[in-house]
>>> print(open('upload11.pdb').read())   # PDB, C-alpha atoms
ATOM      1  CA  MET K   1      -4.524   4.318 -25.360
ATOM      2  CA  ILE K   2      -7.725   4.646 -23.377
ATOM      3  CA  SER K   3     -10.105   1.749 -22.901
ATOM      4  CA  ILE K   4     -13.746   2.169 -21.962
ATOM      5  CA  GLY K   5     -13.011   0.513 -18.608
ATOM      6  CA  ASP K   6     -10.744   3.443 -17.675
ATOM      7  CA  LEU K   7     -13.801   5.727 -17.547
ATOM      8  CA  ASN K   8     -14.868   4.636 -14.071
ATOM      9  CA  GLU K   9     -15.538   7.877 -12.153
ATOM     10  CA  TYR K  10     -18.930   9.583 -12.387
ATOM     11  CA  ILE K  11     -18.704  13.373 -12.822
ATOM     12  CA  THR K  12     -20.949  16.316 -13.635
ATOM     13  CA  ILE K  13     -19.782  19.086 -15.950
ATOM     14  CA  GLN K  14     -21.223  22.462 -14.965
ATOM     15  CA  ARG K  15     -21.523  25.603 -17.109
ATOM     16  CA  ALA K  16     -21.201  29.183 -15.856
ATOM     17  CA  THR K  17     -24.227  31.432 -16.305
ATOM     18  CA  ILE K  18     -25.276  34.840 -15.051
ATOM     19  CA  THR K  19     -28.548  34.929 -13.134
ATOM     20  CA  THR K  20     -30.551  38.023 -12.247
ATOM     21  CA  ASP K  21     -32.283  38.294  -8.875
ATOM     22  CA  SER K  22     -35.601  40.042  -8.195
ATOM     23  CA  MET K  23     -33.816  43.369  -7.559
ATOM     24  CA  GLY K  24     -31.961  43.251 -10.896
ATOM     25  CA  GLY K  25     -28.603  42.264  -9.428
ATOM     26  CA  GLN K  26     -26.535  39.762 -11.330
ATOM     27  CA  ARG K  27     -24.472  36.931  -9.973
ATOM     28  CA  LEU K  28     -22.487  33.990 -11.274
ATOM     29  CA  SER K  29     -24.238  30.619 -11.059
ATOM     30  CA  TRP K  30     -23.143  27.139 -12.066
ATOM     31  CA  LEU K  31     -25.718  24.881 -13.722
ATOM     32  CA  ASP K  32     -25.372  21.131 -14.195
ATOM     33  CA  TYR K  33     -24.751  20.669 -17.921
ATOM     34  CA  VAL K  34     -24.022  16.965 -18.454
ATOM     35  CA  SER K  35     -23.131  13.951 -16.274
ATOM     36  CA  THR K  36     -20.936  11.144 -17.558
ATOM     37  CA  TYR K  37     -18.217   8.660 -16.672
ATOM     38  CA  ALA K  38     -14.617   9.841 -16.820
ATOM     39  CA  LYS K  39     -11.012   8.869 -16.266
ATOM     40  CA  ILE K  40      -9.417  11.085 -13.607
ATOM     41  CA  GLU K  41      -5.652  11.513 -13.381
ATOM     42  CA  TRP K  42      -4.122  13.524 -10.531
ATOM     43  CA  LYS K  43      -1.036  15.198 -11.996
ATOM     44  CA  GLU K  44       0.654  17.531  -9.529
ATOM     45  CA  GLY K  45      -0.043  19.787  -6.621
ATOM     46  CA  SER K  46       1.446  22.648  -4.675
ATOM     47  CA  SER K  47       0.731  24.633  -1.553
ATOM     48  CA  ASP K  48       1.734  28.049  -0.285
ATOM     49  CA  GLU K  49       1.428  29.627   3.134
ATOM     50  CA  SER K  50       0.950  33.365   3.468
ATOM     51  CA  ASN K  51      -0.958  35.622   5.845
ATOM     52  CA  ASN K  52      -1.656  32.673   8.160
ATOM     53  CA  LYS K  53      -3.492  30.913   5.348
ATOM     54  CA  ILE K  54      -2.538  27.822   3.362
ATOM     55  CA  ASP K  55      -3.478  27.883  -0.330
ATOM     56  CA  SER K  56      -3.233  24.694  -2.344
ATOM     57  CA  ASP K  57      -3.601  23.883  -6.009
ATOM     58  CA  MET K  58      -3.999  20.516  -7.722
ATOM     59  CA  GLN K  59      -3.676  19.832 -11.455
ATOM     60  CA  ILE K  60      -6.098  17.191 -12.714
ATOM     61  CA  GLU K  61      -6.786  15.669 -16.145
ATOM     62  CA  VAL K  62     -10.349  14.476 -16.754
ATOM     63  CA  THR K  63     -11.002  12.402 -19.894
ATOM     64  CA  VAL K  64     -14.504  11.635 -21.191
ATOM     65  CA  ARG K  65     -15.950  10.100 -24.343
ATOM     66  CA  ASN K  66     -16.758  12.925 -26.744
ATOM     67  CA  ILE K  67     -20.260  11.762 -27.611
ATOM     68  CA  GLY K  68     -23.609  13.470 -27.408
ATOM     69  CA  ALA K  69     -24.444  17.041 -28.299
ATOM     70  CA  ASN K  70     -23.803  18.440 -24.804
ATOM     71  CA  LEU K  71     -20.330  16.913 -24.467
ATOM     72  CA  GLN K  72     -19.374  18.128 -27.919
ATOM     73  CA  GLN K  73     -20.368  21.678 -26.902
ATOM     74  CA  VAL K  74     -17.949  21.709 -23.946
ATOM     75  CA  SER K  75     -15.120  23.891 -25.224
ATOM     76  CA  GLY K  76     -12.756  26.653 -24.253
ATOM     77  CA  ARG K  77     -15.212  29.264 -25.539
ATOM     78  CA  GLN K  78     -17.258  29.192 -22.320
ATOM     79  CA  SER K  79     -16.423  28.531 -18.689
ATOM     80  CA  PHE K  80     -16.991  25.031 -17.374
ATOM     81  CA  ARG K  81     -16.083  23.213 -14.193
ATOM     82  CA  ILE K  82     -16.152  19.624 -13.005
ATOM     83  CA  LYS K  83     -18.210  18.587  -9.989
ATOM     84  CA  TYR K  84     -16.733  15.440  -8.456
ATOM     85  CA  PRO K  85     -18.049  13.189  -7.256
ATOM     86  CA  ALA K  86     -21.329  13.822  -9.010
ATOM     87  CA  ASP K  87     -24.346  13.937  -6.728
ATOM     88  CA  THR K  88     -25.332  10.359  -6.038
ATOM     89  CA  GLY K  89     -28.071  11.173  -3.547
ATOM     90  CA  THR K  90     -26.032  10.321  -0.448
ATOM     91  CA  GLU K  91     -24.969  12.959   2.051
ATOM     92  CA  ASP K  92     -21.590  11.413   2.838
ATOM     93  CA  ASN K  93     -19.992  12.548  -0.446
ATOM     94  CA  MET K  94     -17.484  15.379  -0.150
ATOM     95  CA  VAL K  95     -18.028  17.271  -3.405
ATOM     96  CA  GLY K  96     -15.150  19.154  -5.016
ATOM     97  CA  TYR K  97     -15.141  21.578  -7.927
ATOM     98  CA  TRP K  98     -12.354  21.773 -10.533
ATOM     99  CA  ASN K  99     -12.091  24.617 -13.032
ATOM    100  CA  VAL K 100     -11.573  23.604 -16.681
ATOM    101  CA  ASN K 101      -8.559  25.553 -17.986
ATOM    102  CA  GLY K 102      -7.972  23.789 -21.305
ATOM    103  CA  ILE K 103      -9.374  21.057 -23.555
ATOM    104  CA  LYS K 104      -7.751  18.597 -25.952
ATOM    105  CA  LEU K 105      -9.545  16.339 -28.445
ATOM    106  CA  HIS K 106      -7.965  12.986 -29.330
ATOM    107  CA  GLY K 107      -8.768   9.428 -30.324
ATOM    108  CA  GLY K 108      -8.492   9.245 -34.085
ATOM    109  CA  GLN K 109     -10.177  11.130 -36.864
ATOM    110  CA  TYR K 110     -13.493  11.229 -34.984
ATOM    111  CA  ASN K 111     -12.013  12.769 -31.797
ATOM    112  CA  ARG K 112     -13.559  10.061 -29.649
ATOM    113  CA  TYR K 113     -12.189  11.489 -26.393
ATOM    114  CA  LYS K 114     -11.976  14.897 -24.773
ATOM    115  CA  THR K 115      -9.415  15.608 -22.040
ATOM    116  CA  MET K 116     -10.104  18.598 -19.826
ATOM    117  CA  TYR K 117      -7.149  20.110 -17.984
ATOM    118  CA  CYS K 118      -8.400  21.253 -14.597
ATOM    119  CA  SER K 119      -7.193  22.924 -11.424
ATOM    120  CA  THR K 120      -8.605  23.427  -7.968
ATOM    121  CA  THR K 121      -7.781  27.145  -7.873
ATOM    122  CA  SER K 122     -10.529  29.703  -8.261
ATOM    123  CA  ILE K 123     -10.973  31.384 -11.639
ATOM    124  CA  ASP K 124     -14.215  33.258 -10.933
ATOM    125  CA  ASN K 125     -12.652  36.525 -12.108
ATOM    126  CA  HIS K 126     -11.837  34.944 -15.495
ATOM    127  CA  ILE K 127     -15.273  33.561 -16.379
ATOM    128  CA  ILE K 128     -16.182  33.523 -20.087
ATOM    129  CA  LEU K 129     -19.914  33.417 -20.808
TER     130      LEU K 129
END
>>> encode(input="upload11.pdb", output="structure tokens")
Amino acid sequence: MISIGDLNEYITIQRATITTDSMGGQRLSWLDYVSTYAKIEWKEGSSDESNNKIDSDMQIEVTVRNIGANLQQVSGRQSFRIKYPADTGTEDNMVGYWNVNGIKLHGGQYNRYKTMYCSTTSIDNHIIL
């Protein structure tokens, strides 16, 4: 059971979009979609070393209240990512980005909460617009 006090981390949910530059080239951009408080649970992680490079992956669950039109539009039909911590105007924040891989609604008949299953690995080649 989640209490409102568990939602104590400020995050920004970003949405993938394609932008066109002045020469007609297209590129993937991430736009801030909605900022809200969330409960963050670090689940598991792994690392692998190959070709003199260490790759790591963390699995994270991010739960938010499923209120407001923008939060209700966050679904598996488009690509979203979590920016954490959200920009608070200070330069000392180390910002990380977590890709949303799955979403679960819960919290009674009104689906009061939305849990986003995230990872730190790159999914740029699997973007759904």
>>> atom_distance(input="upload11.pdb", atom1="atom CA of Tyr97 of chain K", atom2="atom CA of Gln26 of chain K")
21.7 Å
>>> closest_residue(input="upload11.pdb", among="K:Leu28, K:Val64, K:Met94, K:Met58", to="Ile11 of chain K", atoms="all atoms listed in the file")
K:Val64
>>> residues_around(input="upload11.pdb", residues="Thr115 of chain K", least_positions_apart="4", cutoff="10 Å", atoms="only C-alpha atoms", output="list in words")
Ala38, Lys39, Ile40, Glu61, Val62, Thr63, Val64, Arg65, Asn66, Val100, Gly102, Ile103, Lys104, Leu105 and His106 of chain K
>>> residues_around(input="upload11.pdb", residues="Phe80 of chain K", least_positions_apart="6", cutoff="8 Å", atoms="all atoms listed in the file", output="JSON, numbers by chain")
{"K": [13, 14, 15, 16, 74, 99, 100]}
>>> closest_residue(input="upload11.pdb", among="K:Glu49, K:Ile60, K:Lys114, K:Asp6", to="Gln73 of chain K", atoms="all atoms listed in the file")
K:Lys114
>>> resolve_selection(input="upload11.pdb", expression="the PyMOL selection byres ((chain K and resi 18) around 9)", output="list in words")
Ala16, Thr17, Thr19, Thr20, Gln26, Arg27, Leu28, Ser29, Trp30 and Leu129 of chain K
>>> atom_distance(input="upload11.pdb", atom1="atom CA of Ala69 of chain K", atom2="atom CA of Tyr37 of chain K")
15.6 Å
>>> residues_around(input="upload11.pdb", residues="Gln59 of chain K", least_positions_apart="3", cutoff="6 Å", atoms="all atoms listed in the file", output="JSON, numbers by chain")
{"K": [43, 44, 118, 119]}
>>> closest_residue(input="upload11.pdb", among="K:Asn8, K:Ser46, K:Asn70, K:Asn51", to="Asp32 of chain K", atoms="all atoms listed in the file")
K:Asn70
>>> atom_distance(input="upload11.pdb", atom1="atom CA of Ser3 of chain K", atom2="atom CA of Ser75 of chain K")
22.8 Å
>>> closest_residue(input="upload11.pdb", among="K:Leu7, K:Thr12, K:Gln72, K:Ser47", to="Val95 of chain K", atoms="all atoms listed in the file")
K:Thr12
>>> build_atoms(input="upload11.pdb", residues="segment 60-89 of chain K", atoms="N, CA and C atoms", output="CSV table (one decimal), in the frame of the given file")
chain,number,residue,atom,x,y,z
K,60,ILE,N,-5.4,18.4,-12.5
K,60,ILE,CA,-6.1,17.2,-12.7
K,60,ILE,C,-6.5,17.1,-14.2
K,61,GLU,N,-6.3,15.9,-14.8
K,61,GLU,CA,-6.8,15.7,-16.1
K,61,GLU,C,-8.0,14.8,-16.1
K,62,VAL,N,-9.1,15.2,-16.7
K,62,VAL,CA,-10.3,14.5,-16.8
K,62,VAL,C,-10.7,14.1,-18.2
K,63,THR,N,-10.7,12.9,-18.5
K,63,THR,CA,-11.0,12.4,-19.9
K,63,THR,C,-12.4,11.8,-20.0
K,64,VAL,N,-13.2,12.2,-21.0
K,64,VAL,CA,-14.5,11.6,-21.2
K,64,VAL,C,-14.6,11.2,-22.7
K,65,ARG,N,-15.6,10.4,-22.9
K,65,ARG,CA,-16.0,10.1,-24.3
K,65,ARG,C,-16.6,11.3,-24.9
K,66,ASN,N,-16.2,11.7,-26.1
K,66,ASN,CA,-16.8,12.9,-26.7
K,66,ASN,C,-18.0,12.6,-27.6
K,67,ILE,N,-19.0,12.1,-26.9
K,67,ILE,CA,-20.3,11.8,-27.6
K,67,ILE,C,-21.4,12.6,-27.1
K,68,GLY,N,-22.4,12.7,-27.8
K,68,GLY,CA,-23.6,13.5,-27.4
K,68,GLY,C,-23.4,15.0,-27.7
K,69,ALA,N,-24.5,15.6,-27.9
K,69,ALA,CA,-24.4,17.0,-28.3
K,69,ALA,C,-23.9,17.9,-27.2
K,70,ASN,N,-24.3,17.6,-25.9
K,70,ASN,CA,-23.8,18.4,-24.8
K,70,ASN,C,-22.3,18.3,-24.6
K,71,LEU,N,-21.8,17.1,-24.7
K,71,LEU,CA,-20.3,16.9,-24.5
K,71,LEU,C,-19.6,17.6,-25.6
K,72,GLN,N,-20.1,17.5,-26.8
K,72,GLN,CA,-19.4,18.1,-27.9
K,72,GLN,C,-19.4,19.6,-27.8
K,73,GLN,N,-20.3,20.2,-27.1
K,73,GLN,CA,-20.4,21.7,-26.9
K,73,GLN,C,-19.4,22.2,-25.8
K,74,VAL,N,-18.9,21.3,-25.0
K,74,VAL,CA,-17.9,21.7,-23.9
K,74,VAL,C,-16.6,22.1,-24.6
K,75,SER,N,-16.3,23.4,-24.5
K,75,SER,CA,-15.1,23.9,-25.2
K,75,SER,C,-14.5,25.0,-24.4
K,76,GLY,N,-13.4,25.6,-24.9
K,76,GLY,CA,-12.8,26.7,-24.3
K,76,GLY,C,-13.4,28.0,-24.5
K,77,ARG,N,-14.5,28.0,-25.2
K,77,ARG,CA,-15.2,29.3,-25.5
K,77,ARG,C,-16.1,29.7,-24.4
K,78,GLN,N,-16.5,28.8,-23.5
K,78,GLN,CA,-17.3,29.2,-22.3
K,78,GLN,C,-16.6,28.6,-21.1
K,79,SER,N,-17.0,29.0,-19.9
K,79,SER,CA,-16.4,28.5,-18.7
K,79,SER,C,-17.2,27.3,-18.2
K,80,PHE,N,-16.4,26.3,-17.9
K,80,PHE,CA,-17.0,25.0,-17.4
K,80,PHE,C,-16.2,24.6,-16.2
K,81,ARG,N,-16.8,23.8,-15.3
K,81,ARG,CA,-16.1,23.2,-14.2
K,81,ARG,C,-16.6,21.8,-14.0
K,82,ILE,N,-15.8,21.0,-13.3
K,82,ILE,CA,-16.2,19.6,-13.0
K,82,ILE,C,-16.6,19.5,-11.6
K,83,LYS,N,-17.7,18.9,-11.3
K,83,LYS,CA,-18.2,18.6,-10.0
K,83,LYS,C,-17.9,17.1,-9.8
K,84,TYR,N,-17.1,16.8,-8.7
K,84,TYR,CA,-16.7,15.4,-8.5
K,84,TYR,C,-16.7,15.2,-7.0
K,85,PRO,N,-17.2,14.1,-6.5
K,85,PRO,CA,-18.0,13.2,-7.3
K,85,PRO,C,-19.4,13.8,-7.6
K,86,ALA,N,-20.0,13.3,-8.6
K,86,ALA,CA,-21.3,13.8,-9.0
K,86,ALA,C,-22.3,13.4,-7.9
K,87,ASP,N,-23.4,14.2,-7.8
K,87,ASP,CA,-24.3,13.9,-6.7
K,87,ASP,C,-25.0,12.6,-6.9
K,88,THR,N,-24.8,11.7,-6.0
K,88,THR,CA,-25.3,10.4,-6.0
K,88,THR,C,-26.5,10.2,-5.1
K,89,GLY,N,-26.9,11.3,-4.4
K,89,GLY,CA,-28.1,11.2,-3.5
K,89,GLY,C,-27.7,10.8,-2.1
